[in-house]
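Asker: Below you will find the structure I want to go over with you.
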Amino acid sequence: MADAEKGRYPLPMMWALWGCVLRGFPSEAVATRDLDFRVSSLDEGQGMRLELTVVGPDGNVLVRGTDELSVLAAGEALPLQETEDGRYEAPLSEFEGDLEISMEREEDDDVSFLAPVVPLYELEAEASDERLLLTWEPAPGEHTLTLGLEGVCTQPVARQLAADTGSYSLSRAELPWVTTAPCALAVTLEASYSSDSLLPGVEGGSYSVSSWRTSEVEVEWGP
Amino acid sequence: VGTVMWALLACQEEPEPVPLSAEFYLEVLGLRGSVRSDGEVVQAEVNVLAGDGWVRLGGADELTLLLPDGEQSFTELADHQLVAQLPSAELEGALVLSREDEALEVPFSLPTPLTLSLEDPYRVRWEPAERGKISVVVEGMCLDSPLRRPLSFDQGWYEVQPADVPLAEEACELWVTVQRAEQAGRLLLQQVRTISLEMGPVMGVAP
């Protein structure tokens with residue numbers, strides 16, 4: 001007879017050990033109202049990818065049994081890979097728009113919500129004696145835009161924009177120069193989005209969505 | 001119970017009285033504050049210090065504003081701040097803290113005055129000068145918080161960016177304040193001017 005059956009190990013301890021070994025807990029044992037979906041789409045320089053973690057009261061939840069997790073991008077199902085630490089990942093390539101995330105369950109409420117993916121901007125920079133003019137094609141969405149500028153001849157500058165007008169200019173005097181010689185400046189436009197809200201139509205449960213990616217262009221400029 | 005009693009006693013404790021300047025040697029006294037011109041009046045706001053702590057002007061001590069054409073006395077406000085006003089034409093002077101036959105004199109010379117004009121239509125222009133550090137602040141009802149733009153050198157202009165203003169269907173009035181400032185010891189010397197401009201409506205895509 002196994003030790004657990006003999007009562008040598010209490011059930012909570014077995015449950016914790018199960019979670020440690022598999023890095024997650026089977027979804028069938030967790031109610032929908034206790035699920036928290038955490039969605040991130042991000043680009044760290046190797047292309048856009050999706051990261052989805054489903055979290056329950058005791059830690060990460062692994063989709064098992066009759067539960068089905070799916071993510072649709074423009075109507076196409078993404079090939080979700082379960083990672084060793086209990087997350088789900090998929091490449092997103094250049095996708096922009098809303099991801100449709102759902103978890104169909106036979107024994108409990110289904111889950112369904114949208115997760116916006118921020119656009120990738122094509123940034124152009126034009127330096128003149130007077131100013132640095134940055135232009136891009138404006139894109140709709142509820143994301144935030146942050147303009148960044150870095151180089152060895154200046155301290156970093158970051159501006160969070162209030163509107164996506166497709167252009168921004170910086171005069172020379174607005175940069176905190178640290179040398180008198182020009183240098184290569186890396187100009188970035190970061191689009192980011194985050195939201196934290198409850199699941200619509202489901203008692204309890206929650207989800208959060210974050211998305212960011214950075215467009216970059218280099219330009220030679222100086223004080 | 002002991003802790004509560006202790007807290008009640010602490011609450012009832014009288015604040016320490018501010019010491020009088022006359023209690024200190026003149027050598028340890030100093031003046032901290034600003035002399036600021038907005039184009040119409042120059043206002044000096046000064047506190048008397050003993051070391052790093054504030055003191056109240058008292059005893060035989062007097063503070064005056066010495067100008068090329070005469071003297072101006074200070075008024076003491078409730079928080080022991082001393083205030084004096086003079087016409088904007090006055091650019092140079094000295095703060096004099098005097099006691100019987102000795103005096104502490106802090107001379108000052110305000111930076112070059114600014115005259116703001118608008119062009120282009122969001123570019124604010126002024127005559128650049130060699131002295132003083134320029135900073136720009138943009139405020140308006142349509143902005144969540146003021147935009148603060150310190151400039152690394154005086155280029156004589158600043159352009160408000162439409163992307164810094166939230167999208168709107170109606171125009172928004174903005175106030176652009178340009179400050180030219182210098183530090184003289186513990187005195188901040190400022191020329192400050194403000195001009196308004198109408199932005200928008202800002203076109204773009206949400207947000």
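All residue names refer to the structure tokens as shown: chains lettered A, B, ... in order, residues numbered from 1 in each chain, ligands numbered from 1 in order.
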Return as JSON lines the residues of chain A lying at most 9 Å from chain B, together with the closest atom-to-atom pair for each and the distance in Å to one decimal, counting only C-alpha atoms, with rows in chain order and ascending residue number.

Answerer:
```
{"residue": "A:Pro138", "atom": "CA", "partner": "B:Val205", "partner_atom": "CA", "distance": 6.5}
{"residue": "A:Ala139", "atom": "CA", "partner": "B:Val205", "partner_atom": "CA", "distance": 6.4}
{"residue": "A:Pro140", "atom": "CA", "partner": "B:Val205", "partner_atom": "CA", "distance": 5.2}
{"residue": "A:Gly141", "atom": "CA", "partner": "B:Ala206", "partner_atom": "CA", "distance": 6.1}
{"residue": "A:Glu142", "atom": "CA", "partner": "B:Pro207", "partner_atom": "CA", "distance": 5.7}
{"residue": "A:His143", "atom": "CA", "partner": "B:Pro207", "partner_atom": "CA", "distance": 6.9}
{"residue": "A:Thr144", "atom": "CA", "partner": "B:Pro207", "partner_atom": "CA", "distance": 7.3}
{"residue": "A:Leu145", "atom": "CA", "partner": "B:Pro207", "partner_atom": "CA", "distance": 9.0}
{"residue": "A:Arg159", "atom": "CA", "partner": "B:Asp164", "partner_atom": "CA", "distance": 8.6}
{"residue": "A:Gln160", "atom": "CA", "partner": "B:Asp164", "partner_atom": "CA", "distance": 7.9}
{"residue": "A:Leu161", "atom": "CA", "partner": "B:Asp164", "partner_atom": "CA", "distance": 5.3}
{"residue": "A:Ala162", "atom": "CA", "partner": "B:Pro166", "partner_atom": "CA", "distance": 4.8}
{"residue": "A:Ala163", "atom": "CA", "partner": "B:Ala163", "partner_atom": "CA", "distance": 4.7}
{"residue": "A:Asp164", "atom": "CA", "partner": "B:Gly204", "partner_atom": "CA", "distance": 5.5}
{"residue": "A:Thr165", "atom": "CA", "partner": "B:Gly204", "partner_atom": "CA", "distance": 4.3}
{"residue": "A:Gly166", "atom": "CA", "partner": "B:Gly204", "partner_atom": "CA", "distance": 7.2}
{"residue": "A:Ser167", "atom": "CA", "partner": "B:Ala163", "partner_atom": "CA", "distance": 7.3}
{"residue": "A:Tyr168", "atom": "CA", "partner": "B:Gln161", "partner_atom": "CA", "distance": 6.5}
{"residue": "A:Ser169", "atom": "CA", "partner": "B:Gln161", "partner_atom": "CA", "distance": 7.2}
{"residue": "A:Leu170", "atom": "CA", "partner": "B:Glu159", "partner_atom": "CA", "distance": 8.6}
{"residue": "A:Ser171", "atom": "CA", "partner": "B:Tyr158", "partner_atom": "CA", "distance": 7.7}
{"residue": "A:Arg172", "atom": "CA", "partner": "B:Ser152", "partner_atom": "CA", "distance": 8.2}
{"residue": "A:Ala173", "atom": "CA", "partner": "B:Ser152", "partner_atom": "CA", "distance": 4.9}
{"residue": "A:Glu174", "atom": "CA", "partner": "B:Leu151", "partner_atom": "CA", "distance": 4.9}
{"residue": "A:Leu175", "atom": "CA", "partner": "B:Ser152", "partner_atom": "CA", "distance": 6.5}
{"residue": "A:Pro176", "atom": "CA", "partner": "B:Ser152", "partner_atom": "CA", "distance": 5.7}
{"residue": "A:Trp177", "atom": "CA", "partner": "B:Ser152", "partner_atom": "CA", "distance": 7.2}
```

Asker: Find the residues near Ala127 of chain A: any atom within 9 Å, counting only C-alpha atoms, skip ones fewer than 5 places away on the same chain, and give them as a list in words.

Answerer: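 So, after excluding close chain neighbours, the residues are Leu132, Leu133, Leu134, Val219, Glu220 and Trp221 of chain A.
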
Asker: Might you pull out every residue within 8 Å of segment 39-55 of chain A, with only C-alpha atoms counted and same-chain residues fewer than 4 positions away left off, and present them as number ranges by chain?

Answerer: A: 35, 59-62, 86-94, 115, 117, 207-214

Asker: May I have the residues within 9 Å of segment 197-201 of chain A as a PDB file with C-alpha atoms, in the first residue's frame, using only C-alpha atoms and disregarding those fewer than 3 positions away in the same chain?

Answerer:
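Output saved as result_18.pdb:
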```pdb
ATOM      1  CA  ASP A  36      -6.394  34.246 -13.129  1.00  0.00           C
ATOM      2  CA  ASP A 109     -17.935  28.224 -16.735  1.00  0.00           C
ATOM      3  CA  VAL A 111     -13.630  31.675 -20.203  1.00  0.00           C
ATOM      4  CA  SER A 112     -13.354  34.049 -23.153  1.00  0.00           C
ATOM      5  CA  PHE A 113     -11.761  37.464 -23.535  1.00  0.00           C
ATOM      6  CA  GLY A 204     -14.949  35.518  -9.857  1.00  0.00           C
ATOM      7  CA  GLY A 205     -11.952  34.904 -12.060  1.00  0.00           C
ATOM      8  CA  SER A 206      -9.722  37.584 -13.484  1.00  0.00           C
ATOM      9  CA  TYR A 207      -7.328  38.375 -16.270  1.00  0.00           C
ATOM     10  CA  SER A 208      -4.614  40.859 -17.017  1.00  0.00           C
ATOM     11  CA  VAL A 209      -3.087  41.757 -20.346  1.00  0.00           C
TER      12      VAL A 209
END
```

Asker: Report, in Å to a single decimal, how far apart atom CA of Leu174 of chain B and atom CA of Ala125 of chain A are.

Answerer: 27.5 Å

Asker: Let's see if you can do this: from backbone DSSP, list all strand (DSSP E or B) residues in segment 8-169 of chain A, as a PyMOL selection string.

Answerer: chain A and resi 25-26+36-43+48-56+59-62+68-73+76-77+81-82+88-93+97-104+111-117+124-127+131-135+144-151+154-161+164+167-169

Asker: Store the residues picked out above in a file with C-alpha atoms, as a tab-separated table (two decimals), in the first residue's frame.

Answerer:
```tsv
chain	number	residue	atom	x	y	z
A	25	PHE	CA	-1.67	21.96	-10.92
A	26	PRO	CA	-4.20	20.27	-13.21
A	36	ASP	CA	-6.39	34.25	-13.13
A	37	PHE	CA	-5.24	34.53	-16.76
A	38	ARG	CA	-2.08	36.55	-17.32
A	39	VAL	CA	-1.33	37.38	-20.95
A	40	SER	CA	1.79	39.09	-22.23
A	41	SER	CA	2.82	39.73	-25.80
A	42	LEU	CA	6.31	41.05	-26.05
A	43	ASP	CA	9.31	41.50	-28.26
A	48	MET	CA	7.00	39.01	-31.06
A	49	ARG	CA	5.77	36.15	-28.90
A	50	LEU	CA	2.90	35.36	-26.61
A	51	GLU	CA	3.21	34.29	-22.99
A	52	LEU	CA	0.12	33.05	-21.19
A	53	THR	CA	0.04	31.88	-17.60
A	54	VAL	CA	-3.06	30.55	-15.88
A	55	VAL	CA	-2.76	30.93	-12.14
A	56	GLY	CA	-4.88	29.25	-9.45
A	59	GLY	CA	0.21	28.37	-8.30
A	60	ASN	CA	0.35	27.83	-12.05
A	61	VAL	CA	-2.46	25.79	-13.58
A	62	LEU	CA	-1.83	23.22	-16.35
A	68	GLU	CA	-9.30	23.22	-23.73
A	69	LEU	CA	-7.21	26.37	-23.95
A	70	SER	CA	-6.98	28.20	-27.26
A	71	VAL	CA	-5.63	31.48	-28.55
A	72	LEU	CA	-6.83	32.79	-31.91
A	73	ALA	CA	-4.95	35.42	-33.90
A	76	GLU	CA	-6.24	31.20	-36.66
A	77	ALA	CA	-5.34	29.07	-33.65
A	81	GLN	CA	3.61	25.19	-26.23
A	82	GLU	CA	3.52	24.32	-22.54
A	88	TYR	CA	2.06	28.63	-22.52
A	89	GLU	CA	3.98	30.29	-25.34
A	90	ALA	CA	3.51	30.90	-29.06
A	91	PRO	CA	5.27	33.01	-31.70
A	92	LEU	CA	3.22	36.01	-32.83
A	93	SER	CA	5.34	37.24	-35.74
A	97	GLY	CA	-4.91	43.45	-33.23
A	98	ASP	CA	-6.82	41.47	-30.64
A	99	LEU	CA	-6.02	37.93	-29.59
A	100	GLU	CA	-9.08	35.85	-28.71
A	101	ILE	CA	-8.30	33.79	-25.65
A	102	SER	CA	-10.66	31.10	-24.46
A	103	MET	CA	-10.78	28.11	-22.18
A	104	GLU	CA	-13.68	25.74	-22.77
A	111	VAL	CA	-13.63	31.68	-20.20
A	112	SER	CA	-13.35	34.05	-23.15
A	113	PHE	CA	-11.76	37.46	-23.54
A	114	LEU	CA	-9.74	39.64	-25.92
A	115	ALA	CA	-6.09	40.64	-25.44
A	116	PRO	CA	-4.87	43.55	-27.60
A	117	VAL	CA	-1.42	43.29	-29.17
A	124	GLU	CA	12.15	57.43	-39.19
A	125	ALA	CA	14.59	60.01	-37.89
A	126	GLU	CA	15.84	63.14	-39.62
A	127	ALA	CA	18.51	65.23	-37.91
A	131	ARG	CA	16.13	69.68	-34.40
A	132	LEU	CA	15.68	65.93	-34.60
A	133	LEU	CA	12.41	65.11	-36.36
A	134	LEU	CA	10.90	61.68	-35.75
A	135	THR	CA	8.03	60.40	-37.86
A	144	THR	CA	0.70	54.14	-24.67
A	145	LEU	CA	3.62	55.49	-26.67
A	146	THR	CA	6.96	56.28	-25.09
A	147	LEU	CA	9.73	57.88	-27.04
A	148	GLY	CA	13.26	57.08	-25.88
A	149	LEU	CA	16.65	58.36	-26.93
A	150	GLU	CA	20.06	57.05	-25.88
A	151	GLY	CA	23.67	57.60	-26.88
A	154	THR	CA	23.74	62.41	-23.96
A	155	GLN	CA	21.92	61.23	-20.90
A	156	PRO	CA	18.88	59.10	-21.76
A	157	VAL	CA	15.66	60.95	-22.57
A	158	ALA	CA	12.18	59.43	-22.32
A	159	ARG	CA	8.90	61.11	-23.24
A	160	GLN	CA	5.52	59.51	-22.76
A	161	LEU	CA	3.31	60.86	-25.53
A	164	ASP	CA	-0.26	59.43	-31.46
A	167	SER	CA	5.57	62.93	-35.40
A	168	TYR	CA	7.67	64.46	-32.65
A	169	SER	CA	10.58	66.83	-32.74
```

Asker: Atom CA of Leu120 of chain A and atom CA of Asp196 of chain A are how many Å apart?

Answerer: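 Interatomic distance here is 22.5 Å.
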
Asker: Would you please extract all alpha helix (DSSP H) residues from segment 1-220 of chain A, as assigned by DSSP on the backbone, and give them as a PyMOL selection string?

Answerer: chain A and resi 11-22

Asker: Emit the selected residues as a compact mmCIF listing (two decimals), in the first residue's frame, including C-alpha atoms.

Answerer:
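As written to disk, result_1.txt reads:
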```txt
# COMPACT_ATOMS: atom_id res chain seq x y z
CA LEU A 11 -3.31 15.31 1.22
CA PRO A 12 -2.20 19.01 1.16
CA MET A 13 1.42 17.86 1.24
CA MET A 14 0.83 15.47 -1.65
CA TRP A 15 -0.89 18.29 -3.55
CA ALA A 16 2.09 20.60 -2.97
CA LEU A 17 4.54 17.91 -4.07
CA TRP A 18 2.47 17.31 -7.21
CA GLY A 19 2.67 21.03 -7.99
CA CYS A 20 6.42 21.10 -7.44
CA VAL A 21 7.14 18.10 -9.63
CA LEU A 22 4.90 19.17 -12.52
```

Asker: Set the distance at 10 Å and use only C-alpha atoms: which residues neighbour Ser73 of chain B once local chain neighbours fewer than 2 positions away are removed? I'd like the list as a ChimeraX atom specification.

Answerer: /B:62-66,71,75-76,82-85
